[in-house]
>>> print(open('upload26.csv').read())   # CSV, C-alpha atoms
chain,number,residue,atom,x,y,z
X,1,MET,CA,1.4,85.0,86.9
X,2,SER,CA,4.8,85.9,87.7
X,3,LYS,CA,7.3,86.6,85.1
X,4,ALA,CA,10.4,84.5,85.2
X,5,ALA,CA,13.5,86.4,86.2
X,6,LYS,CA,16.1,86.7,83.5
X,7,PRO,CA,19.3,85.0,84.3
X,8,ALA,CA,22.2,87.4,84.9
X,9,ASP,CA,24.3,88.0,81.8
X,10,PRO,CA,27.7,86.2,82.3
X,11,ASN,CA,29.3,88.8,80.0
X,12,ALA,CA,28.2,91.6,82.3
X,13,LYS,CA,30.3,90.3,85.2
X,14,LYS,CA,33.3,89.8,83.0
X,15,LYS,CA,33.0,93.4,81.7
X,16,GLY,CA,32.8,94.6,85.3
X,17,LYS,CA,36.1,92.8,86.3
X,18,LEU,CA,38.1,93.6,83.2
X,19,PRO,CA,38.5,97.3,83.9
X,20,LEU,CA,39.4,96.5,87.5
X,21,ILE,CA,42.1,94.0,86.4
X,22,ILE,CA,43.5,96.5,83.8
X,23,GLY,CA,43.5,99.2,86.5
X,24,LEU,CA,45.5,97.0,88.9
X,25,VAL,CA,48.0,96.1,86.3
X,26,VAL,CA,48.5,99.8,85.3
X,27,LEU,CA,48.8,100.8,89.0
X,28,LEU,CA,51.4,98.1,89.8
X,29,ALA,CA,53.4,98.9,86.7
X,30,GLY,CA,53.3,102.6,87.5
X,31,GLY,CA,54.3,101.9,91.1
X,32,GLY,CA,57.2,99.7,90.0
X,33,GLY,CA,58.4,102.3,87.5
X,34,GLY,CA,58.1,105.1,90.0
X,35,GLY,CA,59.9,103.1,92.7
X,36,TYR,CA,62.8,102.4,90.2
X,37,TRP,CA,63.0,106.1,89.3
X,38,TRP,CA,63.1,107.2,92.9
X,39,PHE,CA,65.8,104.7,93.9
X,40,ALA,CA,67.9,105.6,90.8
X,41,LYS,CA,67.6,109.3,91.7
X,42,GLN,CA,68.7,108.6,95.2
X,43,LYS,CA,71.7,106.6,94.0
X,44,ALA,CA,72.7,109.3,91.6
X,45,ALA,CA,72.4,112.0,94.3
X,46,ALA,CA,74.6,109.9,96.7
X,47,ALA,CA,77.2,109.5,93.9
X,48,GLY,CA,77.1,113.2,93.2
X,49,GLU,CA,77.6,114.0,96.9
X,50,GLU,CA,80.6,111.6,97.0
X,51,GLU,CA,82.2,113.3,94.1
X,52,ALA,CA,81.6,116.8,95.4
X,53,GLY,CA,82.5,116.1,99.0
X,54,ASP,CA,86.1,115.9,100.0
X,55,HIS,CA,87.3,116.9,96.5
X,56,GLY,CA,86.7,113.5,95.1
X,57,LYS,CA,87.6,111.5,98.2
X,58,LYS,CA,85.2,108.7,99.1
X,59,LYS,CA,83.0,109.4,102.1
X,60,SER,CA,83.5,106.7,104.6
X,61,SER,CA,80.9,105.2,106.9
X,62,LYS,CA,81.4,104.8,110.6
X,63,LYS,CA,82.7,101.3,110.0
X,64,ASP,CA,85.1,102.4,107.3
X,65,SER,CA,86.4,105.2,109.4
X,66,HIS,CA,87.1,102.8,112.3
X,67,ALA,CA,88.9,100.4,110.0
X,68,LYS,CA,90.8,103.2,108.4
X,69,ALA,CA,91.8,104.6,111.8
X,70,SER,CA,93.1,101.3,113.1
X,71,HIS,CA,95.0,100.7,109.8
X,72,ASP,CA,96.5,104.2,110.0
X,73,GLU,CA,97.7,103.4,113.5
X,74,GLU,CA,99.4,100.2,112.4
X,75,SER,CA,101.3,101.7,109.5
X,76,GLU,CA,101.8,105.5,109.2
X,77,VAL,CA,102.7,106.1,105.6
X,78,PRO,CA,103.6,109.7,104.7
X,79,GLU,CA,101.9,111.3,101.7
X,80,GLY,CA,103.8,112.4,98.6
X,81,GLY,CA,106.7,111.0,96.8
X,82,ALA,CA,107.1,109.6,93.4
X,83,LEU,CA,106.2,106.1,92.2
X,84,LEU,CA,109.0,103.8,90.8
X,85,PRO,CA,107.7,100.5,89.4
X,86,LEU,CA,110.0,97.6,89.5
X,87,ASP,CA,107.8,95.3,87.4
X,88,VAL,CA,107.0,91.7,88.2
X,89,PHE,CA,109.2,89.4,90.2
X,90,THR,CA,108.8,85.6,90.0
X,91,VAL,CA,111.1,83.8,92.4
X,92,ASN,CA,111.6,80.4,93.9
X,93,LEU,CA,111.2,80.6,97.7
X,94,ALA,CA,113.6,79.1,100.2
X,95,ASP,CA,111.2,76.4,101.4
X,96,THR,CA,113.0,73.1,101.9
X,97,ASP,CA,109.9,70.9,102.2
X,98,ALA,CA,108.5,71.7,98.8
X,99,GLN,CA,109.2,73.8,95.7
X,100,ARG,CA,107.2,77.0,96.1
X,101,PHE,CA,107.4,80.3,94.3
X,102,LEU,CA,106.3,83.9,94.7
X,103,ARG,CA,105.0,86.2,92.0
X,104,THR,CA,104.7,89.8,93.0
X,105,ASN,CA,104.6,93.3,91.5
X,106,VAL,CA,106.6,95.8,93.5
X,107,GLN,CA,106.4,99.5,93.3
X,108,LEU,CA,108.5,101.9,95.4
X,109,VAL,CA,107.5,105.3,96.7
X,110,ILE,CA,110.6,107.4,96.5
X,111,ASP,CA,111.1,110.6,98.4
X,112,GLY,CA,111.2,113.1,95.6
X,113,ASP,CA,109.3,114.1,92.5
X,114,GLU,CA,109.0,112.9,88.9
X,115,ALA,CA,112.3,114.4,88.0
X,116,VAL,CA,114.0,112.0,90.4
X,117,ILE,CA,112.2,109.0,88.8
X,118,LYS,CA,113.2,110.2,85.3
X,119,GLU,CA,116.8,110.6,86.4
X,120,LEU,CA,116.8,107.1,87.9
X,121,GLU,CA,115.2,105.6,84.7
X,122,HIS,CA,117.8,107.5,82.6
X,123,GLU,CA,120.7,106.0,84.5
X,124,LYS,CA,119.3,102.5,84.5
X,125,LEU,CA,122.0,101.1,86.8
X,126,PRO,CA,120.5,102.1,90.1
X,127,ILE,CA,117.1,100.5,89.1
X,128,ALA,CA,118.9,97.3,88.0
X,129,ARG,CA,120.8,97.1,91.3
X,130,ALA,CA,117.6,97.7,93.2
X,131,ARG,CA,115.8,94.9,91.3
X,132,SER,CA,118.8,92.6,91.9
X,133,MET,CA,118.7,93.3,95.6
X,134,VAL,CA,115.0,92.8,95.9
X,135,LEU,CA,115.3,89.6,93.9
X,136,ASP,CA,118.0,88.3,96.3
X,137,LEU,CA,115.9,89.3,99.3
X,138,LEU,CA,112.7,87.6,97.9
X,139,SER,CA,114.5,84.4,97.1
X,140,THR,CA,115.6,84.0,100.8
X,141,GLN,CA,112.0,84.1,102.1
X,142,THR,CA,109.8,81.2,103.0
X,143,ALA,CA,106.2,80.9,102.1
X,144,ALA,CA,105.1,80.7,105.8
X,145,ALA,CA,107.1,83.8,106.7
X,146,ILE,CA,105.6,86.0,104.0
X,147,ALA,CA,102.0,84.6,104.0
X,148,THR,CA,101.0,86.7,107.0
X,149,ALA,CA,100.3,90.4,107.2
X,150,GLU,CA,103.2,90.8,109.7
X,151,GLY,CA,105.5,88.9,107.3
X,152,LYS,CA,104.6,91.2,104.4
X,153,ASP,CA,105.2,94.3,106.6
X,154,THR,CA,108.6,92.9,107.5
X,155,LEU,CA,109.4,92.2,103.9
X,156,LYS,CA,108.3,95.7,102.9
X,157,LYS,CA,110.7,97.3,105.4
X,158,ALA,CA,113.5,95.1,104.2
X,159,ILE,CA,112.8,95.9,100.6
X,160,ALA,CA,112.7,99.6,101.4
X,161,GLU,CA,116.1,99.4,103.2
X,162,LYS,CA,117.8,97.5,100.4
X,163,ALA,CA,116.3,99.6,97.6
X,164,SER,CA,117.3,102.8,99.4
X,165,LEU,CA,120.9,101.7,99.4
X,166,ALA,CA,120.8,100.8,95.7
X,167,LEU,CA,118.9,103.9,94.5
X,168,HIS,CA,120.7,106.5,96.8
X,169,HIS,CA,117.3,107.9,97.6
X,170,GLU,CA,115.0,107.2,100.5
X,171,VAL,CA,112.2,104.7,99.8
X,172,ILE,CA,109.2,105.9,101.8
X,173,ASP,CA,107.0,103.0,101.1
X,174,VAL,CA,106.8,99.7,99.2
X,175,LEU,CA,103.6,98.8,97.4
X,176,PHE,CA,102.6,95.3,96.3
X,177,SER,CA,100.0,95.3,93.5
X,178,ASP,CA,100.2,91.5,93.2
X,179,PHE,CA,101.3,89.0,95.8
X,180,VAL,CA,100.8,85.3,94.9
X,181,ILE,CA,102.4,82.5,96.7
X,182,GLN,CA,102.2,79.0,95.2
X,183,PHE,CA,101.7,76.4,97.9
>>> encode(input="upload26.csv", output="structure tokens")
Amino acid sequence: MSKAAKPADPNAKKKGKLPLIIGLVVLLAGGGGGGYWWFAKQKAAAAGEEEAGDHGKKKSSKKDSHAKASHDEESEVPEGGALLPLDVFTVNLADTDAQRFLRTNVQLVIDGDEAVIKELEHEKLPIARARSMVLDLLSTQTAAAIATAEGKDTLKKAIAEKASLALHHEVIDVLFSDFVIQF
């Protein structure tokens, strides 16, 4: 007579798959952690190269260098000078069809050094005259005229010219750190 075959133990199959599942989970977790570590290390190395290269200047990509080159061709701004902040201007614009205003923060780059800025700040009158001239100039502008890049460039040149007269120092550049037009 033949002996009846014993049915396979269901726990035996589960025990065989459990180490496989645990092994896969550990492998995936280790791979994810290793990948994160590798990418973090690459990012840190790239940041270190940026700081070390060009004495802290940002390395630019080919796209950035093309954009920078075309921007440099449009407006050549000399390096150097001292920064004279004129604070925030809020003016009504000269639009006739609606009430519009401009809020901007103007800073002037003056040909000179910090001693020139301290002298101007000590006298106070030249800075007050420059603010007044800039305020008069801004209030004669229309929103459509200064909303474009060309309009802002024209406004910068006019501000530099007026401020140079008031300060008795050459204004190399005019910087807008805020420029909000209410339409």
>>> atom_distance(input="upload26.csv", atom1="atom CA of Lys152 of chain X", atom2="atom CA of Val88 of chain X")
16.4 Å
>>> residues_around(input="upload26.csv", residues="Lys157 of chain X", least_positions_apart="3", cutoff="10 Å", atoms="all atoms listed in the file", output="list in words")
Lys152, Asp153, Thr154, Ala160, Glu161, Lys162, Ala163, Val171, Ile172, Asp173 and Val174 of chain X
>>> closest_atom_pairs(input="upload26.csv", of="segment 153-178 of chain X", to="segment 116-121 of chain X", cutoff="10 Å", atoms="all atoms listed in the file", output="tab-separated table")
residue	atom	partner	partner_atom	distance
X:Leu167	CA	X:Leu120	CA	7.6
X:His168	CA	X:Leu120	CA	9.7
X:His169	CA	X:Val116	CA	8.9
>>> residues_near_point(input="upload26.csv", point="(105.4, 95.4, 89.1)", cutoff="9 Å", atoms="all atoms listed in the file", output="PyMOL selection string")
chain X and resi 85-89+104-107+176-178
>>> residues_around(input="upload26.csv", residues="segment 131-136 of chain X", least_positions_apart="3", cutoff="7 Å", atoms="only C-alpha atoms", output="PyMOL selection string")
chain X and resi 86+127-128+139-140+159+162
>>> atom_distance(input="upload26.csv", atom1="atom CA of Leu165 of chain X", atom2="atom CA of Leu93 of chain X")
23.3 Å
>>> atom_distance(input="upload26.csv", atom1="atom CA of Gly112 of chain X", atom2="atom CA of Thr90 of chain X")
28.2 Å
>>> closest_residue(input="upload26.csv", among="X:Ala94, X:Ile146, X:Ala82, X:Leu137", to="Ala115 of chain X", atoms="all atoms listed in the file")
X:Ala82
>>> residues_around(input="upload26.csv", residues="Ala143 of chain X", least_positions_apart="5", cutoff="12 Å", atoms="all atoms listed in the file", output="PyMOL selection string")
chain X and resi 91-103+138+148+151-152+155+179-183
